[in-house]
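Participant: Before anything else, here's the structure in question.
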Amino acid sequence: MTSEDQPERSGGWRPKHPVIDGLIIIGLVACLIAGYEPIKVIVAAGAAWLILRIGVLMLGGMARPIPEPPPVGELRKVKITYRCEICGTEVRMTVAPDQDPEAPRHCQDDMIMMTPIDDL
Ligand SMILES: [Zn+2]
């Protein structure tokens with residue numbers, strides 16, 4: 001994160017979603033030019049804005065930020081072999097955030113740990 005990512009502290013009002021606002025304004029102007037009744041156009045633009053904002057809010061709620069990886073010094077050296085039961089692929093994990101990492105996935109399924117537990 002740089003200081004450029006931070007919103008301006010005293011820099012006046014800035015739209016949160018300029019794309020949505022811009023689309024609504026373009027649609028509103030286009031409908032007015034096309035000769036629709038201004039009141040209907042404004043009501044429709046307001047409804048469209050609300051629907052888009054709610055949609056963006058719901059999408060934002062679903063999106064989980066990916067946690068940052070821990071610094072290299074905190075990573076553990078491991079030597080674990082995993083095998084995909086479906087296609088037989090084997091991989092070796094050499095570095096992990098902890099001594100007992102989650103199994104990687106292959107062929108959309110968790111891989112099976114091949115290294116005996118005693119060797120961890
Ligand atoms: Zn596989």
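By convention here, the chains of the structure tokens are called A, B, ... in the order presented, each chain's residues are numbered starting at 1, and ligands are numbered starting at 1 in the order presented.
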For chain A versus ligand 1, which residues have an atom no more than 10 Å away, and what is each residue's nearest atom pair and distance in Å rounded to one decimal, using only C-alpha atoms and all ligand atoms, chain-then-number order, as a Markdown table?
Facilitator:
| residue | atom | partner | partner_atom_place_in_ligand_line | distance |
| --- | --- | --- | --- | --- |
| A:Arg83 | CA | ligand 1 | 1 (Zn) | 8.0 |
| A:Cys84 | CA | ligand 1 | 1 (Zn) | 4.7 |
| A:Glu85 | CA | ligand 1 | 1 (Zn) | 6.8 |
| A:Ile86 | CA | ligand 1 | 1 (Zn) | 5.2 |
| A:Cys87 | CA | ligand 1 | 1 (Zn) | 4.2 |
| A:Gly88 | CA | ligand 1 | 1 (Zn) | 6.2 |
| A:Thr89 | CA | ligand 1 | 1 (Zn) | 5.6 |
| A:Glu90 | CA | ligand 1 | 1 (Zn) | 8.5 |
| A:Arg105 | CA | ligand 1 | 1 (Zn) | 7.9 |
| A:His106 | CA | ligand 1 | 1 (Zn) | 4.4 |
| A:Cys107 | CA | ligand 1 | 1 (Zn) | 4.1 |
| A:Gln108 | CA | ligand 1 | 1 (Zn) | 7.6 |
| A:Asp109 | CA | ligand 1 | 1 (Zn) | 7.7 |
| A:Asp110 | CA | ligand 1 | 1 (Zn) | 9.2 |
| A:Met111 | CA | ligand 1 | 1 (Zn) | 7.9 |
Participant: Write out as a list of chain:residue names each polymer residue whose atoms come within 12 Å of Pro97 of chain A, counting only C-alpha atoms; drop sequence neighbours fewer than 3 positions from it.
Facilitator: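 Using only C-alpha atoms, the neighbours found are A:Glu68, A:Pro69, A:Pro70, A:Pro71, A:Val72, A:Gly73, A:Glu74, A:Leu75, A:Arg76, A:Lys77, A:Val78, A:Met93, A:Thr94, A:Asp100, A:Pro101, A:Glu102.
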Participant: So which bits of chain A end up strand (DSSP E) when you DSSP the backbone, as a list of chain:residue names?
Facilitator: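 Taking chain A and keeping strand (DSSP E) only, one gets A:Arg76, A:Lys77, A:Val78, A:Lys79, A:Ile80, A:Thr81, A:Tyr82, A:Arg83, A:Glu90, A:Val91, A:Arg92, A:Met93, A:Thr94, A:Val95, A:Ala96, A:Arg105, A:His106, A:Asp109, A:Asp110, A:Ile112, A:Met113.
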Participant: Please save N, CA and C atoms of the selected residues as a PDB file, in the first residue's frame.
Facilitator:
ATOM      1  N   ARG A  76       8.317 -22.126   6.688  1.00  0.00           N
ATOM      2  CA  ARG A  76       9.040 -23.316   7.148  1.00  0.00           C
ATOM      3  C   ARG A  76       9.501 -24.125   5.960  1.00  0.00           C
ATOM      4  N   LYS A  77      10.695 -24.678   6.085  1.00  0.00           N
ATOM      5  CA  LYS A  77      11.149 -25.625   5.061  1.00  0.00           C
ATOM      6  C   LYS A  77      10.480 -26.962   5.357  1.00  0.00           C
ATOM      7  N   VAL A  78       9.783 -27.488   4.382  1.00  0.00           N
ATOM      8  CA  VAL A  78       9.152 -28.799   4.539  1.00  0.00           C
ATOM      9  C   VAL A  78       9.590 -29.675   3.374  1.00  0.00           C
ATOM     10  N   LYS A  79       9.331 -30.947   3.500  1.00  0.00           N
ATOM     11  CA  LYS A  79       9.671 -31.882   2.429  1.00  0.00           C
ATOM     12  C   LYS A  79       8.558 -32.918   2.397  1.00  0.00           C
ATOM     13  N   ILE A  80       7.462 -32.526   1.803  1.00  0.00           N
ATOM     14  CA  ILE A  80       6.281 -33.383   1.798  1.00  0.00           C
ATOM     15  C   ILE A  80       5.935 -33.718   0.356  1.00  0.00           C
ATOM     16  N   THR A  81       5.677 -34.974   0.101  1.00  0.00           N
ATOM     17  CA  THR A  81       5.279 -35.411  -1.239  1.00  0.00           C
ATOM     18  C   THR A  81       3.769 -35.663  -1.235  1.00  0.00           C
ATOM     19  N   TYR A  82       3.116 -35.120  -2.242  1.00  0.00           N
ATOM     20  CA  TYR A  82       1.678 -35.329  -2.389  1.00  0.00           C
ATOM     21  C   TYR A  82       1.431 -36.063  -3.700  1.00  0.00           C
ATOM     22  N   ARG A  83       0.369 -36.830  -3.721  1.00  0.00           N
ATOM     23  CA  ARG A  83       0.010 -37.584  -4.920  1.00  0.00           C
ATOM     24  C   ARG A  83      -1.460 -37.346  -5.234  1.00  0.00           C
ATOM     25  N   GLU A  90       2.554 -36.574  -8.911  1.00  0.00           N
ATOM     26  CA  GLU A  90       3.149 -36.379  -7.595  1.00  0.00           C
ATOM     27  C   GLU A  90       3.879 -35.050  -7.567  1.00  0.00           C
ATOM     28  N   VAL A  91       3.746 -34.321  -6.472  1.00  0.00           N
ATOM     29  CA  VAL A  91       4.472 -33.063  -6.309  1.00  0.00           C
ATOM     30  C   VAL A  91       5.149 -33.074  -4.946  1.00  0.00           C
ATOM     31  N   ARG A  92       6.249 -32.318  -4.851  1.00  0.00           N
ATOM     32  CA  ARG A  92       6.932 -32.181  -3.566  1.00  0.00           C
ATOM     33  C   ARG A  92       6.845 -30.732  -3.111  1.00  0.00           C
ATOM     34  N   MET A  93       6.350 -30.533  -1.895  1.00  0.00           N
ATOM     35  CA  MET A  93       6.280 -29.199  -1.308  1.00  0.00           C
ATOM     36  C   MET A  93       7.571 -28.974  -0.543  1.00  0.00           C
ATOM     37  N   THR A  94       8.208 -27.820  -0.796  1.00  0.00           N
ATOM     38  CA  THR A  94       9.489 -27.557  -0.138  1.00  0.00           C
ATOM     39  C   THR A  94       9.404 -26.431   0.885  1.00  0.00           C
ATOM     40  N   VAL A  95       8.458 -25.514   0.705  1.00  0.00           N
ATOM     41  CA  VAL A  95       8.311 -24.403   1.639  1.00  0.00           C
ATOM     42  C   VAL A  95       6.830 -24.224   1.917  1.00  0.00           C
ATOM     43  N   ALA A  96       6.468 -23.974   3.173  1.00  0.00           N
ATOM     44  CA  ALA A  96       5.064 -23.804   3.533  1.00  0.00           C
ATOM     45  C   ALA A  96       4.969 -22.830   4.700  1.00  0.00           C
ATOM     46  N   ARG A 105      -4.302 -28.963  -4.358  1.00  0.00           N
ATOM     47  CA  ARG A 105      -5.369 -29.624  -5.122  1.00  0.00           C
ATOM     48  C   ARG A 105      -4.878 -29.932  -6.528  1.00  0.00           C
ATOM     49  N   HIS A 106      -5.353 -31.033  -7.055  1.00  0.00           N
ATOM     50  CA  HIS A 106      -5.075 -31.400  -8.437  1.00  0.00           C
ATOM     51  C   HIS A 106      -6.287 -32.144  -8.962  1.00  0.00           C
ATOM     52  N   ASP A 109      -9.327 -31.952  -6.788  1.00  0.00           N
ATOM     53  CA  ASP A 109      -9.499 -32.707  -5.556  1.00  0.00           C
ATOM     54  C   ASP A 109      -8.227 -32.558  -4.716  1.00  0.00           C
ATOM     55  N   ASP A 110      -8.366 -32.686  -3.398  1.00  0.00           N
ATOM     56  CA  ASP A 110      -7.197 -32.600  -2.536  1.00  0.00           C
ATOM     57  C   ASP A 110      -6.237 -33.746  -2.860  1.00  0.00           C
ATOM     58  N   ILE A 112      -3.215 -36.466  -1.920  1.00  0.00           N
ATOM     59  CA  ILE A 112      -2.968 -37.342  -0.775  1.00  0.00           C
ATOM     60  C   ILE A 112      -1.510 -37.188  -0.357  1.00  0.00           C
ATOM     61  N   MET A 113      -1.283 -37.019   0.970  1.00  0.00           N
ATOM     62  CA  MET A 113       0.081 -36.887   1.455  1.00  0.00           C
ATOM     63  C   MET A 113       0.761 -38.257   1.408  1.00  0.00           C
TER      64      MET A 113
END
Participant: Set the distance at 12 Å and use only C-alpha atoms: which residues neighbour Ile51 of chain A once local chain neighbours fewer than 6 positions away are removed? I'd like the list as a PyMOL selection string.
Facilitator: chain A and resi 20+24+44-45+57-58
Participant: Find the residue from A:Gln99, A:Asp21, A:Pro104, A:Lys16 that sits nearest to Trp49 of chain A; use only C-alpha atoms when measuring.
Facilitator: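 So, comparing all the options, the nearest one is A:Asp21.
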Participant: Go through segment 20-120 of chain A and collect every residue that DSSP, computed from the backbone, puts in helix (DSSP H, G or I); the answer should be as a ChimeraX atom specification.
Facilitator: /A:20-34,38-62,72-74,117-119
Participant: Between A:Val56, A:Tyr36, A:Ala63, A:Asp98, which residue has the minimum interatomic distance to Val19 of chain A, considering only C-alpha atoms?
Facilitator: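 Closest to Val19 of chain A, using only C-alpha atoms: A:Val56.
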Participant: Would you compute the distance between atom CA of His17 of chain A and atom CA of Leu52 of chain A? Give it in Å to one decimal.
Facilitator: 10.0 Å
Participant: Can you measure atom CA of Leu50 of chain A to atom CA of Glu37 of chain A for me? One decimal in Å is fine.
Facilitator: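 Interatomic distance here is 20.1 Å.
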Participant: Please measure the separation of atom CA of Ile25 of chain A and atom CA of Ala47 of chain A, giving the value in Å to one decimal.
Facilitator: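 Distance reported for this atom pair: 12.6 Å.
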